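Okay, structure.txt is below, compact mmCIF, C-alpha atoms and all ligand atoms:
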```txt
# COMPACT_ATOMS: atom_id res chain seq x y z
CA MET R 1 -15.35 -66.39 -13.71
CA ARG R 2 -18.74 -65.71 -15.29
CA ILE R 3 -18.54 -63.51 -18.38
CA ASP R 4 -21.31 -61.20 -17.17
CA LYS R 5 -19.48 -60.66 -13.89
CA ILE R 6 -16.17 -59.92 -15.60
CA LEU R 7 -17.75 -57.35 -17.90
CA ALA R 8 -19.80 -55.73 -15.15
CA ASN R 9 -16.71 -55.57 -12.90
CA MET R 10 -14.83 -53.85 -15.67
CA GLY R 11 -17.48 -51.18 -15.93
CA TYR R 12 -19.09 -52.21 -19.21
CA GLY R 13 -22.54 -51.78 -17.68
CA SER R 14 -24.76 -53.23 -15.00
CA ARG R 15 -25.25 -57.01 -14.91
CA LYS R 16 -28.54 -56.40 -16.74
CA GLU R 17 -26.98 -54.22 -19.43
CA VAL R 18 -24.17 -56.71 -19.89
CA LYS R 19 -26.69 -59.55 -20.28
CA LYS R 20 -28.35 -57.60 -23.06
CA MET R 21 -25.02 -57.02 -24.81
CA LEU R 22 -24.37 -60.74 -24.61
CA LYS R 23 -27.81 -61.56 -25.96
CA ASP R 24 -27.27 -59.15 -28.83
CA GLY R 25 -24.11 -61.06 -29.78
CA ALA R 26 -21.78 -58.15 -29.04
CA VAL R 27 -19.37 -60.28 -27.02
CA LYS R 28 -16.94 -62.79 -28.46
CA VAL R 29 -14.64 -65.07 -26.54
CA ASN R 30 -11.75 -66.54 -28.52
CA GLY R 31 -13.56 -65.49 -31.68
CA THR R 32 -16.91 -67.09 -30.87
CA ALA R 33 -19.98 -65.09 -29.91
CA ILE R 34 -21.09 -65.88 -26.36
CA THR R 35 -24.71 -65.24 -25.53
CA ASP R 36 -25.08 -67.12 -22.25
CA ALA R 37 -24.24 -64.85 -19.32
CA LYS R 38 -23.39 -67.89 -17.21
CA THR R 39 -20.49 -68.93 -19.48
CA HIS R 40 -17.27 -69.26 -17.55
CA VAL R 41 -14.25 -67.53 -19.00
CA ASN R 42 -10.65 -67.22 -17.87
CA PRO R 43 -9.99 -63.50 -18.24
CA GLU R 44 -6.23 -63.99 -17.94
CA GLU R 45 -6.06 -66.39 -20.89
CA ASP R 46 -9.13 -66.04 -23.09
CA THR R 47 -9.46 -63.26 -25.63
CA ILE R 48 -12.59 -61.22 -25.00
CA GLU R 49 -13.95 -58.82 -27.61
CA ILE R 50 -16.80 -56.37 -27.30
CA PHE R 51 -18.18 -54.98 -30.55
CA GLY R 52 -15.04 -56.31 -32.24
CA GLU R 53 -12.64 -54.59 -29.87
CA GLU R 54 -10.40 -56.65 -27.66
CA ILE R 55 -10.51 -55.79 -24.00
CA ARG R 56 -7.61 -56.24 -21.68
CA TYR R 57 -8.68 -57.64 -18.37
CA ARG R 58 -6.65 -56.71 -15.37
CA LYS R 59 -7.37 -55.74 -11.87
CA PHE R 60 -5.08 -52.76 -11.55
CA ILE R 61 -4.20 -49.93 -13.84
CA TYR R 62 -1.26 -47.56 -13.38
CA LEU R 63 -1.12 -44.36 -15.41
CA MET R 64 1.36 -41.51 -15.56
CA MET R 65 -0.11 -38.21 -16.70
CA ASN R 66 1.57 -34.95 -17.56
CA LYS R 67 -1.20 -32.94 -15.94
CA PRO R 68 -2.15 -29.74 -17.68
CA ALA R 69 -3.03 -26.55 -15.83
CA GLY R 70 -6.76 -25.88 -15.60
CA VAL R 71 -7.93 -29.34 -14.53
CA ILE R 72 -8.39 -30.50 -10.99
CA SER R 73 -6.90 -33.61 -9.36
CA ALA R 74 -10.18 -35.32 -8.58
CA THR R 75 -12.29 -38.09 -10.05
CA GLU R 76 -15.44 -36.05 -10.56
CA ASP R 77 -16.67 -32.54 -10.09
CA PHE R 78 -19.86 -30.69 -10.91
CA SER R 79 -18.31 -27.71 -12.57
CA GLU R 80 -14.60 -28.30 -13.16
CA GLN R 81 -12.86 -30.60 -15.61
CA THR R 82 -10.98 -33.34 -13.76
CA VAL R 83 -7.92 -35.40 -14.62
CA VAL R 84 -10.16 -38.46 -14.94
CA ASP R 85 -12.18 -36.62 -17.60
CA LEU R 86 -9.01 -36.62 -19.70
CA LEU R 87 -8.82 -40.43 -19.77
CA GLU R 88 -9.93 -42.66 -22.62
CA VAL R 89 -13.01 -44.72 -21.77
CA GLU R 90 -11.05 -47.97 -21.85
CA ASP R 91 -8.83 -46.62 -19.04
CA ALA R 92 -11.57 -44.83 -17.13
CA VAL R 93 -13.54 -48.09 -16.75
CA PHE R 94 -10.95 -49.22 -14.21
CA ASP R 95 -11.92 -46.31 -11.96
CA PRO R 96 -8.44 -44.91 -11.42
CA PHE R 97 -8.03 -42.02 -9.03
CA PRO R 98 -5.19 -39.50 -8.71
CA VAL R 99 -2.43 -40.41 -6.25
CA GLY R 100 -2.38 -37.19 -4.26
CA ARG R 101 -3.15 -33.76 -5.58
CA LEU R 102 -1.64 -31.13 -7.74
CA ASP R 103 -3.18 -27.69 -7.66
CA LYS R 104 -5.41 -26.71 -10.54
CA ASP R 105 -2.68 -24.47 -11.98
CA THR R 106 0.16 -26.99 -11.42
CA GLU R 107 1.41 -29.15 -14.27
CA GLY R 108 3.40 -32.32 -14.41
CA LEU R 109 3.67 -35.79 -13.03
CA LEU R 110 0.47 -37.23 -11.66
CA LEU R 111 -0.05 -40.93 -11.10
CA LEU R 112 -3.50 -42.39 -11.43
CA THR R 113 -4.30 -45.89 -10.27
CA ASN R 114 -7.01 -48.05 -8.76
CA ASP R 115 -4.43 -49.81 -6.59
CA GLY R 116 -5.38 -48.35 -3.24
CA GLN R 117 -2.57 -50.08 -1.44
CA LEU R 118 0.15 -48.62 -3.64
CA ALA R 119 -1.47 -45.19 -3.53
CA HIS R 120 -1.58 -45.34 0.24
CA GLN R 121 2.07 -46.34 0.48
CA LEU R 122 3.13 -43.49 -1.78
CA LEU R 123 1.05 -40.94 0.09
CA SER R 124 1.60 -42.09 3.66
CA PRO R 125 3.28 -39.27 5.60
CA LYS R 126 5.37 -41.94 7.36
CA LYS R 127 7.04 -42.95 4.10
CA HIS R 128 8.41 -39.47 3.29
CA VAL R 129 8.28 -40.16 -0.44
CA PRO R 130 10.23 -37.31 -2.06
CA LYS R 131 8.54 -35.21 -4.72
CA THR R 132 10.53 -32.89 -6.94
CA TYR R 133 9.14 -29.76 -8.55
CA PHE R 134 10.45 -27.38 -11.16
CA ALA R 135 9.30 -23.81 -10.60
CA ILE R 136 9.61 -20.32 -11.95
CA ILE R 137 9.79 -17.87 -9.08
CA GLU R 138 9.10 -14.16 -9.10
CA GLY R 139 12.08 -12.66 -7.30
CA GLU R 140 15.67 -13.61 -6.71
CA VAL R 141 16.11 -16.98 -5.06
CA THR R 142 19.23 -16.90 -2.91
CA ASP R 143 21.62 -19.20 -1.08
CA GLU R 144 19.90 -18.03 2.13
CA ASP R 145 16.68 -19.56 0.80
CA VAL R 146 18.55 -22.82 0.17
CA VAL R 147 19.67 -22.83 3.81
CA ALA R 148 16.23 -21.80 5.09
CA PHE R 149 14.51 -24.61 3.14
CA LYS R 150 17.08 -27.09 4.41
CA GLN R 151 16.36 -26.05 7.99
CA GLY R 152 12.60 -25.73 7.54
CA VAL R 153 10.49 -22.62 7.07
CA MET R 154 7.37 -21.58 8.93
CA LEU R 155 4.21 -21.60 6.82
CA ASP R 156 1.33 -19.16 7.28
CA ASP R 157 -0.39 -21.52 9.73
CA GLY R 158 2.69 -21.90 11.96
CA TYR R 159 3.72 -25.30 10.61
CA VAL R 160 7.48 -25.72 10.19
CA THR R 161 8.37 -27.70 7.09
CA LYS R 162 10.67 -30.71 7.06
CA PRO R 163 14.11 -30.29 5.46
CA ALA R 164 13.77 -29.70 1.74
CA GLU R 165 16.39 -29.54 -0.99
CA LEU R 166 16.38 -26.39 -3.07
CA LYS R 167 18.51 -26.17 -6.21
CA ILE R 168 18.84 -22.81 -7.92
CA LEU R 169 18.94 -23.27 -11.68
CA SER R 170 19.01 -19.56 -12.49
CA SER R 171 18.61 -16.50 -10.34
CA GLY R 172 17.47 -13.00 -11.15
CA LEU R 173 14.29 -10.95 -11.05
CA ARG R 174 12.78 -14.22 -12.12
CA SER R 175 14.46 -17.39 -10.90
CA THR R 176 14.16 -21.03 -11.88
CA ILE R 177 14.58 -23.73 -9.28
CA GLU R 178 14.06 -27.37 -8.42
CA LEU R 179 12.71 -28.22 -5.01
CA THR R 180 12.43 -31.65 -3.42
CA ILE R 181 10.06 -32.04 -0.50
CA THR R 182 9.14 -35.17 1.44
CA GLU R 183 5.71 -34.13 2.64
CA GLY R 184 2.57 -32.86 1.01
CA LYS R 185 0.96 -30.01 2.86
CA PHE R 186 -1.72 -28.03 1.06
CA HIS R 187 -0.08 -25.68 -1.50
CA GLN R 188 3.22 -26.55 0.11
CA VAL R 189 5.67 -25.29 -2.49
CA LYS R 190 3.80 -22.03 -2.99
CA ARG R 191 3.58 -21.46 0.75
CA MET R 192 7.26 -22.24 1.28
CA PHE R 193 8.20 -19.53 -1.17
CA GLN R 194 5.65 -17.21 0.37
CA ALA R 195 7.44 -17.81 3.69
CA VAL R 196 10.63 -16.34 2.18
CA GLY R 197 8.78 -13.47 0.51
CA LYS R 198 8.58 -14.84 -3.04
CA ARG R 199 5.89 -15.98 -5.40
CA VAL R 200 5.62 -19.14 -7.48
CA LYS R 201 4.67 -18.19 -11.03
CA TYR R 202 4.76 -21.63 -12.58
CA LEU R 203 4.93 -25.05 -10.96
CA LYS R 204 5.48 -28.47 -12.45
CA ARG R 205 6.10 -31.77 -10.67
CA ILE R 206 8.94 -33.64 -12.32
CA GLN R 207 9.50 -36.63 -10.04
CA MET R 208 7.73 -38.72 -7.43
CA GLY R 209 9.80 -41.24 -5.47
CA PRO R 210 11.91 -43.10 -8.01
CA LEU R 211 9.69 -42.17 -10.93
CA PRO R 212 10.58 -39.20 -13.15
CA LEU R 213 8.03 -37.57 -15.45
CA ASP R 214 8.33 -39.01 -18.94
CA GLU R 215 9.19 -35.80 -20.75
CA SER R 216 7.97 -37.28 -24.05
CA LEU R 217 4.43 -36.89 -22.70
CA GLN R 218 2.95 -33.64 -23.93
CA VAL R 219 0.98 -31.64 -21.39
CA GLY R 220 -2.39 -33.39 -21.04
CA GLU R 221 -1.09 -36.74 -22.32
CA TYR R 222 -0.71 -39.89 -20.30
CA ARG R 223 0.51 -43.44 -20.66
CA GLU R 224 0.47 -46.68 -18.73
CA LEU R 225 3.42 -47.34 -16.50
CA THR R 226 5.64 -50.18 -17.72
CA ASP R 227 5.77 -53.35 -15.64
CA GLU R 228 9.28 -52.31 -14.56
CA GLU R 229 8.07 -48.92 -13.37
CA VAL R 230 5.24 -50.49 -11.38
CA GLN R 231 7.70 -52.94 -9.85
CA MET R 232 10.07 -50.10 -9.01
CA LEU R 233 7.30 -48.21 -7.20
CA LYS R 234 6.25 -51.29 -5.27
CA GLU R 235 9.81 -52.07 -4.23
CA TYR R 236 10.44 -48.45 -3.36
CA LYS R 237 7.52 -48.54 -1.01
CA ARG R 238 9.04 -51.58 0.72
CA GLU R 239 12.33 -49.77 1.23
CA GLY R 240 10.23 -46.83 2.34
N1 LIG K 1 2.88 -27.52 -3.88
C1 LIG K 1 2.02 -26.59 -4.33
O1 LIG K 1 2.03 -25.46 -3.88
N2 LIG K 1 1.15 -26.94 -5.30
C2 LIG K 1 1.12 -28.17 -5.87
O2 LIG K 1 0.32 -28.42 -6.76
C3 LIG K 1 2.03 -29.12 -5.37
C4 LIG K 1 2.90 -28.77 -4.39
```
Can the structure from this file be put into structure tokens for me?
Ligand code: URA
Amino acid sequence: MRIDKILANMGYGSRKEVKKMLKDGAVKVNGTAITDAKTHVNPEEDTIEIFGEEIRYRKFIYLMMNKPAGVISATEDFSEQTVVDLLEVEDAVFDPFPVGRLDKDTEGLLLLTNDGQLAHQLLSPKKHVPKTYFAIIEGEVTDEDVVAFKQGVMLDDGYVTKPAELKILSSGLRSTIELTITEGKFHQVKRMFQAVGKRVKYLKRIQMGPLPLDESLQVGEYRELTDEEVQMLKEYKREG
């Protein structure tokens, strides 16, 4: 593939800007400066450097973020900070987007990828991919709530939720719980608790399908998925 096309595809500038970078000698392939934009390069095998920094060419990127509260699950926004704003430039050039949404005040596991097919499979309502949340609830969560969530509760718009698994971790004036749901209605967890007269004070997603949040990620940090994790997600989708 032509070097100018590879670099432009990867977001290093327009074809024109990339040509200028080449002309300026900023690009090396296997250690040799390449100035001719028409030079053919094998991005899978050749080592490409820009301003001395090696770039990794690949089509897809898969990131796991421990989303902080206060940022929105979008790629861009006029006034709010987005999860994509938290990415390093070398990851952002792949144009990843969040796989589904977490509310602005929700923390935890958020996948970002540019693999539209995988994102679609994980989000498709037909696949019922389970998502597990940890939450702190204002009020005493009871065994009746466990039964109600298992049977389905009616949200404020009349929608009755699919069976969900509620685990009470501690119960009191403030309770801690884990809840697994297989759908993704707007503000679903908060509205489910609202339906049983309680309020979610803190919400964090801890698992999506087979993938748990890597707890070594500090809030706001992210990492690439391993090849095994990507494979696991792809196979999971097939079992779907
Ligand atoms: N349910 C919610 O209420 N909020 C989220 O961010 C995710 C699930």
Check which residues of segment 108-185 of chain R sit at most 12 Å from segment 217-228 of chain R using only C-alpha atoms, and return one row each with the closest pair of atoms and their distance in Å to one decimal, ordered by chain and rising number, as JSON lines.
```
{"residue": "R:Gly108", "atom": "CA", "partner": "R:Val219", "partner_atom": "CA", "distance": 7.4}
{"residue": "R:Leu109", "atom": "CA", "partner": "R:Tyr222", "partner_atom": "CA", "distance": 9.4}
{"residue": "R:Leu110", "atom": "CA", "partner": "R:Tyr222", "partner_atom": "CA", "distance": 9.1}
{"residue": "R:Leu111", "atom": "CA", "partner": "R:Leu225", "partner_atom": "CA", "distance": 9.1}
{"residue": "R:Leu112", "atom": "CA", "partner": "R:Glu224", "partner_atom": "CA", "distance": 9.4}
{"residue": "R:Thr113", "atom": "CA", "partner": "R:Glu224", "partner_atom": "CA", "distance": 9.7}
```
As JSON, what would the box around ligand LIG 1 (chain K) look like: edges along x, y and z, 6 Å added on every side, centre and edge lengths in Å to one decimal?
```
{"center_x": 1.6, "center_y": -27.3, "center_z": -5.3, "size_x": 14.6, "size_y": 15.7, "size_z": 14.9}
```
Residue among R:Asp77, R:Asp4, R:Asp157, R:Glu235 lying closest to His40 of chain R, counting only C-alpha atoms:
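Of the candidates, the smallest distance to His40 of chain R is held by R:Asp4.
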Env. residues ligand LIG 1 (chain K) / 7 Å / all atoms listed in the file / as a list in words
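Checked against 7 Å with all atoms listed in the file; the hits are Arg101, Leu102, Asp103, Thr106, Gly184, Phe186, His187, Gln188, Val189, Lys190 and Arg191 of chain R.
With all atoms listed in the file taken into account, the protein and nucleic acid residues at most 7 Å from Val129 of chain R (excluding it and anything under 5 positions from it in its own chain) are Leu122, Thr182 and Gly209 of chain R.
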Atomic distance atom CA of Thr180 of chain R - atom CA of Leu87 of chain R, expressed in Å with one decimal:
28.2 Å
Separation of atom CA of Glu54 of chain R and atom CA of Asp85 of chain R, in Å?
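Those two atoms sit 22.5 Å apart.
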From the set R:Asp105, R:Glu178, R:Asp156, R:Glu44, which residue has the shortest atom-to-atom contact distance to Ala135 of chain R, counting all atoms listed in the file?
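Once distances to Ala135 of chain R are computed over all atoms listed in the file, the minimum belongs to R:Glu178.
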Nearest to Phe51 of chain R by atom-to-atom distance, counting all atoms listed in the file, from R:Leu213, R:Met21, R:Ile137, R:Val160:
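Nearest to Phe51 of chain R: R:Met21.
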Measuring between only C-alpha atoms, which one of R:Ser171, R:Ala164, R:Arg15, R:Leu211 shows the shortest distance to Tyr236 of chain R?
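Result for the nearest residue to Tyr236 of chain R: R:Leu211.
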Just the number, please: distance in Å from atom CA of Pro130 of chain R to atom CA of Phe193 of chain R, one decimal.
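That distance, rounded to one decimal, is 17.9 Å.
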Residues within 7 Å of Leu22 of chain R, only C-alpha atoms, excluding chain neighbours under 6 positions, as a list in words
Ile34, Thr35, Asp36 and Ala37 of chain R
So which residues touch Arg56 of chain R within 9 Å, counting only C-alpha atoms, skipping near sequence neighbours fewer than 5 positions away, as an NGL selection string?
:R and (43-44 or 47-48 or 90)
Enumerate, as number ranges by chain, the protein, DNA and RNA residues whose atoms approach (-12.0, -36.7, -12.9) to within 9 Å, taking into account all atoms listed in the file and the coordinate frame of the file.
R: 71-77, 80-87, 97-98
In the coordinate frame of the file, compute which residues have an atom within 8 Å of (-11.7, -65.3, -15.6) when using only C-alpha atoms, and state them as a list in words.
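Counting only C-alpha atoms, I find these residues within 8 Å of (-11.7, -65.3, -15.6): Met1, Arg2, Ile3, Ile6, His40, Val41, Asn42, Pro43, Glu44, Glu45 and Asp46 of chain R.
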In terms of the shortest atom-to-atom distance over all atoms listed in the file, which of R:Val147, R:Pro96, R:Asn66, R:Thr176 is closest to Gln207 of chain R?
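Closest to Gln207 of chain R of all the choices is R:Asn66.
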Might you pull out every residue within 12 Å of Val89 of chain R, with all atoms listed in the file counted and same-chain residues fewer than 4 positions away left off, and present them as a list in words?
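Within the cut-off, the hits are Met10, Gly11, Tyr12, Ile55, Val84, Asp85, Val93, Phe94, Asp95 and Pro96 of chain R.
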Completed segment 16-27 of chain R (all heavy atoms) as an mmCIF file, keeping the file's coordinate frame:
```cif
data_model
loop_
_atom_site.group_PDB
_atom_site.id
_atom_site.type_symbol
_atom_site.label_atom_id
_atom_site.label_comp_id
_atom_site.auth_asym_id
_atom_site.auth_seq_id
_atom_site.Cartn_x
_atom_site.Cartn_y
_atom_site.Cartn_z
ATOM 1 N N LYS R 16 -27.411 -56.332 -15.804
ATOM 2 C CA LYS R 16 -28.540 -56.400 -16.740
ATOM 3 C C LYS R 16 -28.133 -55.902 -18.136
ATOM 4 O O LYS R 16 -28.425 -56.540 -19.148
ATOM 5 C CB LYS R 16 -29.678 -55.528 -16.174
ATOM 6 C CG LYS R 16 -31.020 -55.855 -16.739
ATOM 7 C CD LYS R 16 -32.102 -55.152 -15.936
ATOM 8 C CE LYS R 16 -33.277 -54.869 -16.849
ATOM 9 N NZ LYS R 16 -34.115 -53.799 -16.356
ATOM 10 N N GLU R 17 -27.428 -54.788 -18.146
ATOM 11 C CA GLU R 17 -26.980 -54.220 -19.430
ATOM 12 C C GLU R 17 -26.013 -55.171 -20.138
ATOM 13 O O GLU R 17 -26.055 -55.342 -21.356
ATOM 14 C CB GLU R 17 -26.300 -52.858 -19.209
ATOM 15 C CG GLU R 17 -27.291 -51.753 -18.884
ATOM 16 C CD GLU R 17 -26.644 -50.542 -18.214
ATOM 17 O OE1 GLU R 17 -25.495 -50.632 -17.722
ATOM 18 O OE2 GLU R 17 -27.299 -49.499 -18.170
ATOM 19 N N VAL R 18 -25.138 -55.782 -19.321
ATOM 20 C CA VAL R 18 -24.170 -56.710 -19.890
ATOM 21 C C VAL R 18 -24.879 -57.930 -20.474
ATOM 22 O O VAL R 18 -24.534 -58.408 -21.561
ATOM 23 C CB VAL R 18 -23.145 -57.118 -18.784
ATOM 24 C CG1 VAL R 18 -22.380 -58.349 -19.186
ATOM 25 C CG2 VAL R 18 -22.188 -55.964 -18.501
ATOM 26 N N LYS R 19 -25.906 -58.400 -19.775
ATOM 27 C CA LYS R 19 -26.690 -59.550 -20.280
ATOM 28 C C LYS R 19 -27.274 -59.228 -21.651
ATOM 29 O O LYS R 19 -27.291 -60.057 -22.550
ATOM 30 C CB LYS R 19 -27.821 -59.884 -19.298
ATOM 31 C CG LYS R 19 -27.360 -60.764 -18.173
ATOM 32 C CD LYS R 19 -28.522 -61.547 -17.552
ATOM 33 C CE LYS R 19 -28.005 -62.477 -16.491
ATOM 34 N NZ LYS R 19 -28.079 -61.936 -15.123
ATOM 35 N N LYS R 20 -27.751 -57.992 -21.784
ATOM 36 C CA LYS R 20 -28.350 -57.600 -23.060
ATOM 37 C C LYS R 20 -27.287 -57.574 -24.168
ATOM 38 O O LYS R 20 -27.519 -58.054 -25.271
ATOM 39 C CB LYS R 20 -29.031 -56.220 -22.911
ATOM 40 C CG LYS R 20 -29.597 -55.706 -24.208
ATOM 41 C CD LYS R 20 -30.776 -54.804 -24.032
ATOM 42 C CE LYS R 20 -31.431 -54.367 -25.325
ATOM 43 N NZ LYS R 20 -30.747 -54.573 -26.570
ATOM 44 N N MET R 21 -26.124 -57.040 -23.835
ATOM 45 C CA MET R 21 -25.020 -57.020 -24.810
ATOM 46 C C MET R 21 -24.676 -58.424 -25.270
ATOM 47 O O MET R 21 -24.432 -58.673 -26.444
ATOM 48 C CB MET R 21 -23.767 -56.402 -24.169
ATOM 49 C CG MET R 21 -23.725 -54.915 -24.272
ATOM 50 S SD MET R 21 -22.117 -54.153 -23.949
ATOM 51 C CE MET R 21 -21.258 -55.187 -22.860
ATOM 52 N N LEU R 22 -24.678 -59.341 -24.287
ATOM 53 C CA LEU R 22 -24.370 -60.740 -24.610
ATOM 54 C C LEU R 22 -25.446 -61.304 -25.548
ATOM 55 O O LEU R 22 -25.144 -61.911 -26.575
ATOM 56 C CB LEU R 22 -24.291 -61.572 -23.326
ATOM 57 C CG LEU R 22 -23.013 -61.360 -22.496
ATOM 58 C CD1 LEU R 22 -23.238 -61.740 -21.045
ATOM 59 C CD2 LEU R 22 -21.856 -62.166 -23.076
ATOM 60 N N LYS R 23 -26.687 -61.042 -25.175
ATOM 61 C CA LYS R 23 -27.810 -61.560 -25.960
ATOM 62 C C LYS R 23 -27.781 -61.033 -27.392
ATOM 63 O O LYS R 23 -28.109 -61.726 -28.349
ATOM 64 C CB LYS R 23 -29.132 -61.151 -25.290
ATOM 65 C CG LYS R 23 -30.028 -62.356 -25.025
ATOM 66 C CD LYS R 23 -31.175 -61.999 -24.146
ATOM 67 C CE LYS R 23 -32.477 -62.161 -24.899
ATOM 68 N NZ LYS R 23 -33.575 -61.455 -24.238
ATOM 69 N N ASP R 24 -27.345 -59.772 -27.500
ATOM 70 C CA ASP R 24 -27.270 -59.150 -28.830
ATOM 71 C C ASP R 24 -26.079 -59.643 -29.645
ATOM 72 O O ASP R 24 -25.855 -59.174 -30.767
ATOM 73 C CB ASP R 24 -27.170 -57.617 -28.693
ATOM 74 C CG ASP R 24 -28.439 -57.017 -28.127
ATOM 75 O OD1 ASP R 24 -29.463 -57.735 -28.109
ATOM 76 O OD2 ASP R 24 -28.416 -55.852 -27.692
ATOM 77 N N GLY R 25 -25.262 -60.507 -29.045
ATOM 78 C CA GLY R 25 -24.110 -61.060 -29.780
ATOM 79 C C GLY R 25 -22.926 -60.130 -29.881
ATOM 80 O O GLY R 25 -22.065 -60.295 -30.749
ATOM 81 N N ALA R 26 -22.875 -59.141 -28.968
ATOM 82 C CA ALA R 26 -21.780 -58.150 -29.040
ATOM 83 C C ALA R 26 -20.478 -58.674 -28.454
ATOM 84 O O ALA R 26 -19.430 -58.055 -28.624
ATOM 85 C CB ALA R 26 -22.207 -56.880 -28.311
ATOM 86 N N VAL R 27 -20.562 -59.805 -27.751
ATOM 87 C CA VAL R 27 -19.370 -60.280 -27.020
ATOM 88 C C VAL R 27 -18.855 -61.573 -27.635
ATOM 89 O O VAL R 27 -19.611 -62.522 -27.830
ATOM 90 C CB VAL R 27 -19.715 -60.515 -25.525
ATOM 91 C CG1 VAL R 27 -18.480 -60.974 -24.757
ATOM 92 C CG2 VAL R 27 -20.309 -59.261 -24.907
#
```
